[in-house]
Amino acid sequence: MAPMGCSSAQSLDQNVDAIEQMLIDAEGAGAMHCAPRQLAIARSHLEFAQIEREQGFISKAERHLEIADEHARAARLLSPAAHCEARAARPE
């Protein structure tokens, strides 16, 4: 039983890292200006997932990661670098 839990926790950690990298990429492309809501939701659920994992609630953590992944992908999609970086550089 223990190896399965370790495997699941390890997979969860890999997903956290992948989503974190996706958010870093989206932020670098200007998501703070083009997709701030999606970015905030993704960051929040990523943090919730880490808290749930630390408390041993793997299935709850996985659900938060699904939501984080969905919103991180949306933030990246809504933040094409050519458009958002230029927009971020302009004073509003």
# chains A, B, ... in the order shown; residues from 1 in each chain; ligands from 1
call {"tool": "residues_around", "arguments": {"residues": "stretch 13-26 of chain A", "least_positions_apart": "4", "cutoff": "8 Å", "atoms": "only C-alpha atoms", "output": "MDAnalysis selection string"}}
result
chainID A and resid 9 30:31 39 42:43 46 50 65 68:69 72:73 75:76 79
call {"tool": "closest_residue", "arguments": {"among": "A:Ala29, A:Cys34, A:Ala49, A:Cys84", "to": "A:Glu62", "atoms": "only C-alpha atoms"}}
result
A:Ala49
call {"tool": "atom_distance", "arguments": {"atom1": "atom CA of A:His33", "atom2": "atom CA of A:Ala61"}}
result
28.2 Å
call {"tool": "atom_distance", "arguments": {"atom1": "atom CA of A:Glu66", "atom2": "atom CA of A:Met32"}}
result
21.0 Å
call {"tool": "decode", "arguments": {"residues": "chain A", "atoms": "C-alpha atoms", "output": "compact mmCIF listing (two decimals), in the first residue's frame"}}
result
# COMPACT_ATOMS: atom_id res chain seq x y z
CA MET A 1 0.00 0.00 0.00
CA ALA A 2 2.80 2.45 0.83
CA PRO A 3 4.49 2.32 -2.60
CA MET A 4 1.26 3.35 -4.29
CA GLY A 5 0.95 6.37 -2.01
CA CYS A 6 4.54 7.38 -2.66
CA SER A 7 4.04 7.00 -6.38
CA SER A 8 0.91 9.12 -6.25
CA ALA A 9 2.63 11.80 -4.16
CA GLN A 10 5.61 11.79 -6.52
CA SER A 11 3.31 12.19 -9.53
CA LEU A 12 1.55 15.02 -7.72
CA ASP A 13 4.87 16.77 -7.12
CA GLN A 14 5.76 16.46 -10.81
CA ASN A 15 2.40 17.97 -11.77
CA VAL A 16 2.93 20.84 -9.33
CA ASP A 17 6.31 21.54 -10.91
CA ALA A 18 4.87 21.41 -14.45
CA ILE A 19 2.03 23.79 -13.60
CA GLU A 20 4.42 26.12 -11.79
CA GLN A 21 6.59 26.27 -14.91
CA MET A 22 3.53 26.94 -17.07
CA LEU A 23 2.62 29.86 -14.80
CA ILE A 24 6.15 31.25 -14.93
CA ASP A 25 6.01 31.08 -18.74
CA ALA A 26 2.58 32.75 -18.82
CA GLU A 27 3.76 35.52 -16.50
CA GLY A 28 6.80 36.05 -18.68
CA ALA A 29 4.52 36.44 -21.68
CA GLY A 30 2.45 39.13 -19.94
CA ALA A 31 -0.38 37.17 -18.32
CA MET A 32 -0.58 39.71 -15.49
CA HIS A 33 -1.99 42.13 -18.08
CA CYS A 34 -3.81 39.79 -20.45
CA ALA A 35 -5.13 37.04 -18.16
CA PRO A 36 -4.87 38.18 -14.53
CA ARG A 37 -7.97 36.28 -13.38
CA GLN A 38 -6.83 32.98 -14.85
CA LEU A 39 -3.36 33.49 -13.43
CA ALA A 40 -4.70 34.22 -9.94
CA ILE A 41 -7.05 31.24 -9.94
CA ALA A 42 -4.27 28.92 -11.12
CA ARG A 43 -1.84 30.21 -8.48
CA SER A 44 -4.45 29.87 -5.71
CA HIS A 45 -5.40 26.32 -6.60
CA LEU A 46 -1.75 25.36 -6.94
CA GLU A 47 -1.19 26.57 -3.39
CA PHE A 48 -4.34 24.77 -2.19
CA ALA A 49 -3.04 21.56 -3.79
CA GLN A 50 0.26 21.86 -1.96
CA ILE A 51 -1.54 22.40 1.36
CA GLU A 52 -3.85 19.42 0.79
CA ARG A 53 -0.87 17.24 -0.13
CA GLU A 54 0.99 18.26 3.03
CA GLN A 55 -2.09 17.32 5.05
CA GLY A 56 -2.29 13.94 3.32
CA PHE A 57 -5.40 14.60 1.22
CA ILE A 58 -4.05 13.41 -2.12
CA SER A 59 -7.42 13.22 -3.93
CA LYS A 60 -8.30 16.77 -2.86
CA ALA A 61 -4.85 17.92 -3.95
CA GLU A 62 -5.33 16.27 -7.35
CA ARG A 63 -8.64 18.10 -7.83
CA HIS A 64 -7.01 21.44 -7.03
CA LEU A 65 -4.25 20.61 -9.51
CA GLU A 66 -6.83 19.93 -12.23
CA ILE A 67 -8.31 23.38 -11.67
CA ALA A 68 -4.85 24.99 -11.51
CA ASP A 69 -3.83 23.26 -14.74
CA GLU A 70 -6.99 24.37 -16.55
CA HIS A 71 -6.51 28.00 -15.57
CA ALA A 72 -2.74 27.99 -16.17
CA ARG A 73 -3.37 26.73 -19.70
CA ALA A 74 -6.00 29.44 -20.20
CA ALA A 75 -3.61 32.13 -18.93
CA ARG A 76 -0.93 30.92 -21.33
CA LEU A 77 -3.39 30.80 -24.23
CA LEU A 78 -4.75 34.28 -23.52
CA SER A 79 -1.25 35.73 -23.23
CA PRO A 80 0.51 35.57 -26.57
CA ALA A 81 3.91 37.13 -25.93
CA ALA A 82 3.86 39.46 -28.94
CA HIS A 83 0.61 41.04 -27.77
CA CYS A 84 0.89 40.98 -23.98
CA GLU A 85 4.54 41.94 -23.59
CA ALA A 86 3.96 45.00 -25.76
CA ARG A 87 0.83 45.86 -23.81
CA ALA A 88 2.64 45.46 -20.49
CA ALA A 89 5.40 47.83 -21.63
CA ARG A 90 2.93 50.61 -22.48
CA PRO A 91 1.76 52.82 -19.60
CA GLU A 92 -2.00 52.78 -19.32
